[in-house]
$ cat protein.cif   # mmCIF, C-alpha atoms and all ligand atoms
data_upload
#
loop_
_atom_site.group_PDB
_atom_site.id
_atom_site.type_symbol
_atom_site.label_atom_id
_atom_site.label_comp_id
_atom_site.auth_asym_id
_atom_site.auth_seq_id
_atom_site.Cartn_x
_atom_site.Cartn_y
_atom_site.Cartn_z
ATOM 1 C CA MET A 1 12.624 -7.037 -32.509
ATOM 2 C CA CYS A 2 14.135 -7.043 -29.002
ATOM 3 C CA LEU A 3 15.041 -10.152 -26.993
ATOM 4 C CA PHE A 4 11.991 -10.055 -24.711
ATOM 5 C CA CYS A 5 9.615 -9.338 -27.642
ATOM 6 C CA LYS A 6 10.988 -12.561 -29.175
ATOM 7 C CA ILE A 7 10.189 -14.410 -25.926
ATOM 8 C CA VAL A 8 6.650 -12.943 -26.024
ATOM 9 C CA ASP A 9 6.296 -14.180 -29.622
ATOM 10 C CA LYS A 10 7.681 -17.606 -28.558
ATOM 11 C CA LYS A 11 10.507 -17.207 -31.082
ATOM 12 C CA ILE A 12 12.955 -17.744 -28.210
ATOM 13 C CA PRO A 13 12.061 -20.333 -25.555
ATOM 14 C CA ALA A 14 11.627 -19.332 -21.912
ATOM 15 C CA ASN A 15 10.436 -21.070 -18.772
ATOM 16 C CA ILE A 16 7.109 -19.259 -18.447
ATOM 17 C CA GLU A 17 5.654 -19.076 -14.941
ATOM 18 C CA LEU A 18 2.548 -16.964 -15.605
ATOM 19 C CA GLU A 19 0.941 -15.345 -18.630
ATOM 20 C CA SER A 20 -2.071 -13.115 -19.244
ATOM 21 C CA ASP A 21 -3.328 -11.202 -22.272
ATOM 22 C CA ASP A 22 -1.050 -8.259 -21.468
ATOM 23 C CA PHE A 23 1.801 -9.606 -19.300
ATOM 24 C CA MET A 24 4.270 -12.466 -19.092
ATOM 25 C CA ALA A 25 6.509 -13.800 -16.315
ATOM 26 C CA PHE A 26 9.402 -16.185 -16.983
ATOM 27 C CA HIS A 27 12.438 -17.460 -15.083
ATOM 28 C CA ASP A 28 15.649 -15.439 -15.404
ATOM 29 C CA ILE A 29 18.301 -17.381 -17.330
ATOM 30 C CA ASN A 30 20.934 -16.389 -14.731
ATOM 31 C CA PRO A 31 19.080 -16.447 -11.385
ATOM 32 C CA LYS A 32 20.397 -14.312 -8.521
ATOM 33 C CA ALA A 33 18.087 -15.866 -5.885
ATOM 34 C CA PRO A 34 16.248 -19.198 -5.383
ATOM 35 C CA VAL A 35 13.269 -17.516 -7.084
ATOM 36 C CA HIS A 36 14.186 -15.028 -9.828
ATOM 37 C CA ILE A 37 11.420 -14.200 -12.285
ATOM 38 C CA LEU A 38 11.205 -11.453 -14.886
ATOM 39 C CA ALA A 39 7.748 -9.880 -15.279
ATOM 40 C CA ILE A 40 7.133 -7.858 -18.446
ATOM 41 C CA PRO A 41 4.370 -6.124 -20.377
ATOM 42 C CA LYS A 42 3.877 -7.948 -23.693
ATOM 43 C CA LEU A 43 3.684 -4.654 -25.556
ATOM 44 C CA HIS A 44 7.216 -3.278 -25.934
ATOM 45 C CA VAL A 45 8.103 -0.433 -23.531
ATOM 46 C CA ASP A 46 11.772 0.590 -23.325
ATOM 47 C CA SER A 47 11.932 1.169 -19.580
ATOM 48 C CA PHE A 48 10.143 2.547 -16.510
ATOM 49 C CA ASN A 49 10.719 6.015 -18.014
ATOM 50 C CA GLU A 50 8.120 5.366 -20.696
ATOM 51 C CA VAL A 51 5.551 3.120 -18.983
ATOM 52 C CA SER A 52 1.997 4.416 -18.555
ATOM 53 C CA ALA A 53 0.139 4.485 -15.248
ATOM 54 C CA GLN A 54 -2.456 2.204 -16.830
ATOM 55 C CA THR A 55 0.126 -0.460 -17.711
ATOM 56 C CA MET A 56 1.620 -0.132 -14.229
ATOM 57 C CA GLY A 57 -1.817 -0.778 -12.727
ATOM 58 C CA GLY A 58 -2.012 -4.049 -14.657
ATOM 59 C CA MET A 59 1.594 -4.926 -13.821
ATOM 60 C CA THR A 60 0.922 -4.470 -10.113
ATOM 61 C CA ALA A 61 -1.998 -6.915 -10.121
ATOM 62 C CA PHE A 62 -0.015 -9.348 -12.298
ATOM 63 C CA ILE A 63 3.037 -9.332 -10.005
ATOM 64 C CA GLN A 64 0.788 -9.782 -6.962
ATOM 65 C CA GLU A 65 -0.793 -12.829 -8.631
ATOM 66 C CA LEU A 66 2.680 -14.110 -9.544
ATOM 67 C CA THR A 67 4.031 -13.898 -5.981
ATOM 68 C CA LYS A 68 0.965 -15.776 -4.704
ATOM 69 C CA LYS A 69 1.443 -18.482 -7.349
ATOM 70 C CA LEU A 70 5.106 -18.809 -6.330
ATOM 71 C CA ALA A 71 4.052 -18.831 -2.629
ATOM 72 C CA ILE A 72 6.523 -16.061 -1.757
ATOM 73 C CA ASP A 73 3.880 -13.430 -0.974
ATOM 74 C CA LYS A 74 3.929 -14.208 2.774
ATOM 75 C CA SER A 75 7.673 -14.934 3.188
ATOM 76 C CA GLY A 76 8.573 -11.784 1.251
ATOM 77 C CA TYR A 77 10.365 -10.808 -1.904
ATOM 78 C CA ARG A 78 11.937 -7.901 -3.751
ATOM 79 C CA VAL A 79 10.754 -6.181 -6.963
ATOM 80 C CA ILE A 80 13.373 -4.241 -8.923
ATOM 81 C CA THR A 81 13.500 -2.536 -12.291
ATOM 82 C CA ASN A 82 16.806 -1.265 -13.620
ATOM 83 C CA VAL A 83 16.625 1.878 -15.756
ATOM 84 C CA GLY A 84 19.248 3.027 -18.250
ATOM 85 C CA GLU A 85 23.008 2.956 -18.034
ATOM 86 C CA ASN A 86 23.458 3.971 -14.404
ATOM 87 C CA GLY A 87 20.669 1.610 -13.370
ATOM 88 C CA GLY A 88 22.447 -1.290 -15.102
ATOM 89 C CA GLN A 89 19.649 -2.064 -17.561
ATOM 90 C CA GLU A 90 20.917 -4.586 -20.116
ATOM 91 C CA VAL A 91 17.691 -5.549 -21.884
ATOM 92 C CA LYS A 92 15.845 -2.479 -23.214
ATOM 93 C CA HIS A 93 12.340 -3.882 -22.692
ATOM 94 C CA LEU A 94 10.809 -2.960 -19.327
ATOM 95 C CA HIS A 95 11.103 -5.867 -16.898
ATOM 96 C CA TRP A 96 10.619 -6.320 -13.180
ATOM 97 C CA HIS A 97 12.972 -8.656 -11.353
ATOM 98 C CA VAL A 98 10.939 -10.553 -8.745
ATOM 99 C CA LEU A 99 13.406 -12.090 -6.289
ATOM 100 C CA GLY A 100 12.628 -14.313 -3.317
ATOM 101 C CA GLY A 101 12.810 -17.772 -1.813
ATOM 102 C CA SER A 102 15.408 -16.819 0.802
ATOM 103 C CA LYS A 103 16.465 -13.842 2.942
ATOM 104 C CA LEU A 104 17.866 -11.396 0.410
ATOM 105 C CA LYS A 105 21.018 -9.408 1.117
ATOM 106 C CA TRP A 106 20.731 -5.669 1.465
ATOM 107 C CA ASP A 107 24.110 -4.975 3.086
ATOM 108 C CA HIS A 108 25.721 -3.742 -0.114
ATOM 109 C CA LEU A 109 23.257 -0.831 -0.132
ATOM 110 C CA ALA A 110 22.617 -0.420 3.604
ATOM 111 C CA ASP A 111 26.331 0.139 4.274
ATOM 112 C CA ALA A 112 27.049 2.084 1.109
ATOM 113 C CA ASP A 113 28.648 5.519 1.257
ATOM 114 C CA PRO A 114 27.731 7.822 -1.666
ATOM 115 C CA LYS A 115 31.451 8.673 -1.927
ATOM 116 C CA ASP A 116 32.140 5.037 -2.873
ATOM 117 C CA PHE A 117 30.353 5.636 -6.141
ATOM 118 C CA LEU A 118 32.438 8.633 -7.234
HETATM 119 P P1 LIG A 201 18.734 -6.086 -16.612
HETATM 120 O O1 LIG A 201 20.209 -6.114 -16.349
HETATM 121 O O2 LIG A 201 18.405 -5.546 -17.972
HETATM 122 O O3 LIG A 201 17.932 -5.442 -15.511
HETATM 123 O O4 LIG A 201 18.267 -7.600 -16.550
HETATM 124 C C1 LIG A 201 18.241 -8.432 -17.674
HETATM 125 C C2 LIG A 201 18.028 -9.852 -17.172
HETATM 126 O O5 LIG A 201 17.652 -10.667 -18.251
HETATM 127 C C3 LIG A 201 19.287 -10.459 -16.540
HETATM 128 O O6 LIG A 201 19.009 -10.819 -15.191
HETATM 129 C C4 LIG A 201 19.574 -11.668 -17.430
HETATM 130 O O7 LIG A 201 20.040 -12.789 -16.709
HETATM 131 C C5 LIG A 201 18.223 -11.932 -18.090
HETATM 132 N N1 LIG A 201 18.314 -12.517 -19.421
HETATM 133 C C6 LIG A 201 19.132 -12.128 -20.433
HETATM 134 N N2 LIG A 201 18.906 -12.866 -21.533
HETATM 135 C C7 LIG A 201 17.909 -13.752 -21.205
HETATM 136 C C8 LIG A 201 17.228 -14.783 -21.949
HETATM 137 O O8 LIG A 201 17.484 -15.038 -23.127
HETATM 138 N N3 LIG A 201 16.290 -15.488 -21.288
HETATM 139 C C9 LIG A 201 15.957 -15.227 -19.979
HETATM 140 N N4 LIG A 201 15.015 -15.992 -19.429
HETATM 141 N N5 LIG A 201 16.571 -14.253 -19.247
HETATM 142 C C10 LIG A 201 17.535 -13.526 -19.869
HETATM 143 ZN ZN ZN A 202 10.665 -5.670 -26.661
#
$ encode --input "protein.cif" --output "structure tokens" --more "lines below"
Ligand code: 5GP
Ligand code: ZN
Amino acid sequence: MCLFCKIVDKKIPANIELESDDFMAFHDINPKAPVHILAIPKLHVDSFNEVSAQTMGGMTAFIQELTKKLAIDKSGYRVITNVGENGGQEVKHLHWHVLGGSKLKWDHLADADPKDFL
């Protein structure tokens, strides 16, 4: 059983912000912004590569509800999912990073030159 499946089963504790029948949102253990939540489907999906359009429909509504609950929907936020090795995915259970609570940096990408990655 993967790490996030254990959190879903409450075998590992997490600071849960929002939960529905199909989805769960909990605070990242190593936050990268004043608000840093991980939103996941409860049913194990490896990554964005495998997720169905139906699950994504539910995820969208769930994340929208989450950002309203956190009161970051108006001030703005960022939603990211890392996929695979090049994407930097460490936990192989689909999760959306929901980051907000302050002006988020974008410079590292805005100024990036593709050659820098070779
Ligand atoms: P990834 O790199 O896979 O996109 O993101 C994995 C995220 O999970 C990281 O931001 C990391 O801090 C978080 N994380 C790893 N282990 C735990 C844990 O046991 N509990 C919680 N709440 N977050 C975790
Ligand atoms: Zn899992």
$ residues_around --input "protein.cif" --residues "segment 31-36 of chain A" --least-positions-apart "4" --cutoff "8 Å" --atoms "only C-alpha atoms" --output "list of chain:residue names"
A:His27, A:His97, A:Val98, A:Leu99, A:Gly100, A:Gly101, A:Ser102, A:Leu104
$ write_last_selection --input "protein.cif" --atoms "C-alpha atoms" --output "short mmCIF file (atom, residue, chain, number, x, y, z; two decimals), in the frame of the given file"
data_model
loop_
_atom_site.label_atom_id
_atom_site.label_comp_id
_atom_site.auth_asym_id
_atom_site.auth_seq_id
_atom_site.Cartn_x
_atom_site.Cartn_y
_atom_site.Cartn_z
CA HIS A 27 12.44 -17.46 -15.08
CA HIS A 97 12.97 -8.66 -11.35
CA VAL A 98 10.94 -10.55 -8.74
CA LEU A 99 13.41 -12.09 -6.29
CA GLY A 100 12.63 -14.31 -3.32
CA GLY A 101 12.81 -17.77 -1.81
CA SER A 102 15.41 -16.82 0.80
CA LEU A 104 17.87 -11.40 0.41
#
$ closest_atom_pairs --input "protein.cif" --of "chain A" --to "ligand LIG 201 (chain A)" --cutoff "8 Å" --atoms "only C-alpha atoms and all ligand atoms" --output "JSON lines"
{"residue": "A:Leu3", "atom": "CA", "partner": "A:LIG201", "partner_atom": "O8", "distance": 6.7}
{"residue": "A:Phe4", "atom": "CA", "partner": "A:LIG201", "partner_atom": "C8", "distance": 7.6}
{"residue": "A:Ile7", "atom": "CA", "partner": "A:LIG201", "partner_atom": "N3", "distance": 7.7}
{"residue": "A:Ile12", "atom": "CA", "partner": "A:LIG201", "partner_atom": "O8", "distance": 7.3}
{"residue": "A:Pro13", "atom": "CA", "partner": "A:LIG201", "partner_atom": "N3", "distance": 7.7}
{"residue": "A:Ala14", "atom": "CA", "partner": "A:LIG201", "partner_atom": "N4", "distance": 5.4}
{"residue": "A:Asn15", "atom": "CA", "partner": "A:LIG201", "partner_atom": "N4", "distance": 6.9}
{"residue": "A:Phe26", "atom": "CA", "partner": "A:LIG201", "partner_atom": "N4", "distance": 6.1}
{"residue": "A:His27", "atom": "CA", "partner": "A:LIG201", "partner_atom": "N4", "distance": 5.3}
{"residue": "A:Asp28", "atom": "CA", "partner": "A:LIG201", "partner_atom": "N4", "distance": 4.1}
{"residue": "A:Ile29", "atom": "CA", "partner": "A:LIG201", "partner_atom": "N5", "distance": 4.1}
{"residue": "A:Asn30", "atom": "CA", "partner": "A:LIG201", "partner_atom": "O7", "distance": 4.2}
{"residue": "A:Pro31", "atom": "CA", "partner": "A:LIG201", "partner_atom": "O7", "distance": 6.5}
{"residue": "A:Lys32", "atom": "CA", "partner": "A:LIG201", "partner_atom": "O6", "distance": 7.7}
{"residue": "A:Leu38", "atom": "CA", "partner": "A:LIG201", "partner_atom": "O5", "distance": 7.3}
{"residue": "A:Thr81", "atom": "CA", "partner": "A:LIG201", "partner_atom": "O3", "distance": 6.2}
{"residue": "A:Asn82", "atom": "CA", "partner": "A:LIG201", "partner_atom": "O3", "distance": 4.7}
{"residue": "A:Val83", "atom": "CA", "partner": "A:LIG201", "partner_atom": "O3", "distance": 7.4}
{"residue": "A:Gly87", "atom": "CA", "partner": "A:LIG201", "partner_atom": "O3", "distance": 7.9}
{"residue": "A:Gly88", "atom": "CA", "partner": "A:LIG201", "partner_atom": "O1", "distance": 5.5}
{"residue": "A:Gln89", "atom": "CA", "partner": "A:LIG201", "partner_atom": "O2", "distance": 3.7}
{"residue": "A:Glu90", "atom": "CA", "partner": "A:LIG201", "partner_atom": "O2", "distance": 3.4}
{"residue": "A:Val91", "atom": "CA", "partner": "A:LIG201", "partner_atom": "O2", "distance": 4.0}
{"residue": "A:Lys92", "atom": "CA", "partner": "A:LIG201", "partner_atom": "O2", "distance": 6.6}
{"residue": "A:His93", "atom": "CA", "partner": "A:LIG201", "partner_atom": "O2", "distance": 7.9}
{"residue": "A:His95", "atom": "CA", "partner": "A:LIG201", "partner_atom": "O3", "distance": 7.0}
{"residue": "A:Trp96", "atom": "CA", "partner": "A:LIG201", "partner_atom": "O3", "distance": 7.7}
{"residue": "A:His97", "atom": "CA", "partner": "A:LIG201", "partner_atom": "O3", "distance": 7.2}
$ residues_near_ligand --input "protein.cif" --ligand "ligand ZN 202 (chain A)" --cutoff "8 Å" --atoms "only C-alpha atoms and all ligand atoms" --output "PDB file with C-alpha atoms, in the coordinates of the input"
ATOM      1  CA  MET A   1      12.624  -7.037 -32.509  1.00  0.00           C
ATOM      2  CA  CYS A   2      14.135  -7.043 -29.002  1.00  0.00           C
ATOM      3  CA  LEU A   3      15.041 -10.152 -26.993  1.00  0.00           C
ATOM      4  CA  PHE A   4      11.991 -10.055 -24.711  1.00  0.00           C
ATOM      5  CA  CYS A   5       9.615  -9.338 -27.642  1.00  0.00           C
ATOM      6  CA  LYS A   6      10.988 -12.561 -29.175  1.00  0.00           C
ATOM      7  CA  LYS A  42       3.877  -7.948 -23.693  1.00  0.00           C
ATOM      8  CA  LEU A  43       3.684  -4.654 -25.556  1.00  0.00           C
ATOM      9  CA  HIS A  44       7.216  -3.278 -25.934  1.00  0.00           C
ATOM     10  CA  VAL A  45       8.103  -0.433 -23.531  1.00  0.00           C
ATOM     11  CA  ASP A  46      11.772   0.590 -23.325  1.00  0.00           C
ATOM     12  CA  LYS A  92      15.845  -2.479 -23.214  1.00  0.00           C
ATOM     13  CA  HIS A  93      12.340  -3.882 -22.692  1.00  0.00           C
ATOM     14  CA  LEU A  94      10.809  -2.960 -19.327  1.00  0.00           C
TER      15      LEU A  94
END
$ residues_around --input "protein.cif" --residues "segment 61-71 of chain A" --least-positions-apart "5" --cutoff "8 Å" --atoms "only C-alpha atoms" --output "list in words"
Glu17, Leu18, Phe23, Ala25 and Ala39 of chain A
$ write_last_selection --input "protein.cif" --atoms "C-alpha atoms" --output "short mmCIF file (atom, residue, chain, number, x, y, z; two decimals), keeping the file's coordinate frame"
data_model
loop_
_atom_site.label_atom_id
_atom_site.label_comp_id
_atom_site.auth_asym_id
_atom_site.auth_seq_id
_atom_site.Cartn_x
_atom_site.Cartn_y
_atom_site.Cartn_z
CA GLU A 17 5.65 -19.08 -14.94
CA LEU A 18 2.55 -16.96 -15.60
CA PHE A 23 1.80 -9.61 -19.30
CA ALA A 25 6.51 -13.80 -16.32
CA ALA A 39 7.75 -9.88 -15.28
#
$ atom_distance --input "protein.cif" --atom1 "atom CA of Asp21 of chain A" --atom2 "atom CA of Asp73 of chain A"
22.6 Å
$ axis_aligned_box --input "protein.cif" --around "segment 56-67 of chain A" --padding-each-side "8 Å" --output "AutoDock Vina command-line options"
--center_x 1.0 --center_y -7.1 --center_z -10.3 --size_x 22.0 --size_y 30.0 --size_z 24.7
$ atom_distance --input "protein.cif" --atom1 "atom CA of Glu85 of chain A" --atom2 "atom CA of Asn49 of chain A"
12.7 Å
$ build_atoms --input "protein.cif" --residues "segment 54-72 of chain A" --atoms "N, CA, C and O atoms" --output "mmCIF file, in the frame of the given file"
data_model
loop_
_atom_site.group_PDB
_atom_site.id
_atom_site.type_symbol
_atom_site.label_atom_id
_atom_site.label_comp_id
_atom_site.auth_asym_id
_atom_site.auth_seq_id
_atom_site.Cartn_x
_atom_site.Cartn_y
_atom_site.Cartn_z
ATOM 1 N N GLN A 54 -1.494 3.282 -16.574
ATOM 2 C CA GLN A 54 -2.456 2.204 -16.830
ATOM 3 C C GLN A 54 -1.743 0.843 -16.906
ATOM 4 O O GLN A 54 -2.175 -0.134 -16.290
ATOM 5 N N THR A 55 -0.633 0.797 -17.638
ATOM 6 C CA THR A 55 0.126 -0.460 -17.711
ATOM 7 C C THR A 55 0.650 -0.844 -16.337
ATOM 8 O O THR A 55 0.631 -2.018 -15.956
ATOM 9 N N MET A 56 1.111 0.155 -15.578
ATOM 10 C CA MET A 56 1.620 -0.132 -14.229
ATOM 11 C C MET A 56 0.533 -0.707 -13.332
ATOM 12 O O MET A 56 0.811 -1.572 -12.495
ATOM 13 N N GLY A 57 -0.713 -0.228 -13.510
ATOM 14 C CA GLY A 57 -1.817 -0.778 -12.727
ATOM 15 C C GLY A 57 -1.962 -2.271 -12.996
ATOM 16 O O GLY A 57 -2.075 -3.076 -12.068
ATOM 17 N N GLY A 58 -1.919 -2.635 -14.274
ATOM 18 C CA GLY A 58 -2.012 -4.049 -14.657
ATOM 19 C C GLY A 58 -0.826 -4.841 -14.168
ATOM 20 O O GLY A 58 -0.961 -5.983 -13.701
ATOM 21 N N MET A 59 0.365 -4.239 -14.263
ATOM 22 C CA MET A 59 1.594 -4.926 -13.821
ATOM 23 C C MET A 59 1.526 -5.251 -12.339
ATOM 24 O O MET A 59 1.942 -6.325 -11.904
ATOM 25 N N THR A 60 1.007 -4.284 -11.567
ATOM 26 C CA THR A 60 0.922 -4.470 -10.113
ATOM 27 C C THR A 60 0.076 -5.697 -9.786
ATOM 28 O O THR A 60 0.509 -6.581 -9.035
ATOM 29 N N ALA A 61 -1.111 -5.768 -10.384
ATOM 30 C CA ALA A 61 -1.998 -6.915 -10.121
ATOM 31 C C ALA A 61 -1.350 -8.209 -10.604
ATOM 32 O O ALA A 61 -1.456 -9.250 -9.943
ATOM 33 N N PHE A 62 -0.654 -8.150 -11.738
ATOM 34 C CA PHE A 62 -0.015 -9.348 -12.298
ATOM 35 C C PHE A 62 1.106 -9.849 -11.386
ATOM 36 O O PHE A 62 1.216 -11.053 -11.120
ATOM 37 N N ILE A 63 1.924 -8.926 -10.891
ATOM 38 C CA ILE A 63 3.037 -9.332 -10.005
ATOM 39 C C ILE A 63 2.490 -9.865 -8.668
ATOM 40 O O ILE A 63 3.017 -10.828 -8.109
ATOM 41 N N GLN A 64 1.406 -9.268 -8.198
ATOM 42 C CA GLN A 64 0.788 -9.782 -6.962
ATOM 43 C C GLN A 64 0.291 -11.214 -7.175
ATOM 44 O O GLN A 64 0.485 -12.080 -6.309
ATOM 45 N N GLU A 65 -0.330 -11.464 -8.326
ATOM 46 C CA GLU A 65 -0.793 -12.829 -8.631
ATOM 47 C C GLU A 65 0.403 -13.786 -8.737
ATOM 48 O O GLU A 65 0.362 -14.921 -8.243
ATOM 49 N N LEU A 66 1.470 -13.300 -9.371
ATOM 50 C CA LEU A 66 2.680 -14.110 -9.544
ATOM 51 C C LEU A 66 3.279 -14.524 -8.196
ATOM 52 O O LEU A 66 3.622 -15.698 -7.991
ATOM 53 N N THR A 67 3.402 -13.573 -7.283
ATOM 54 C CA THR A 67 4.031 -13.898 -5.981
ATOM 55 C C THR A 67 3.163 -14.865 -5.177
ATOM 56 O O THR A 67 3.694 -15.690 -4.429
ATOM 57 N N LYS A 68 1.855 -14.788 -5.355
ATOM 58 C CA LYS A 68 0.965 -15.776 -4.704
ATOM 59 C C LYS A 68 1.168 -17.147 -5.336
ATOM 60 O O LYS A 68 1.270 -18.156 -4.630
ATOM 61 N N LYS A 69 1.251 -17.196 -6.652
ATOM 62 C CA LYS A 69 1.443 -18.482 -7.349
ATOM 63 C C LYS A 69 2.760 -19.127 -6.922
ATOM 64 O O LYS A 69 2.848 -20.343 -6.764
ATOM 65 N N LEU A 70 3.784 -18.304 -6.732
ATOM 66 C CA LEU A 70 5.106 -18.809 -6.330
ATOM 67 C C LEU A 70 5.183 -19.072 -4.828
ATOM 68 O O LEU A 70 6.200 -19.575 -4.345
ATOM 69 N N ALA A 71 4.128 -18.680 -4.094
ATOM 70 C CA ALA A 71 4.052 -18.831 -2.629
ATOM 71 C C ALA A 71 5.197 -18.097 -1.925
ATOM 72 O O ALA A 71 5.768 -18.601 -0.949
ATOM 73 N N ILE A 72 5.521 -16.898 -2.441
ATOM 74 C CA ILE A 72 6.523 -16.061 -1.757
ATOM 75 C C ILE A 72 5.874 -14.785 -1.219
ATOM 76 O O ILE A 72 6.563 -13.930 -0.657
#
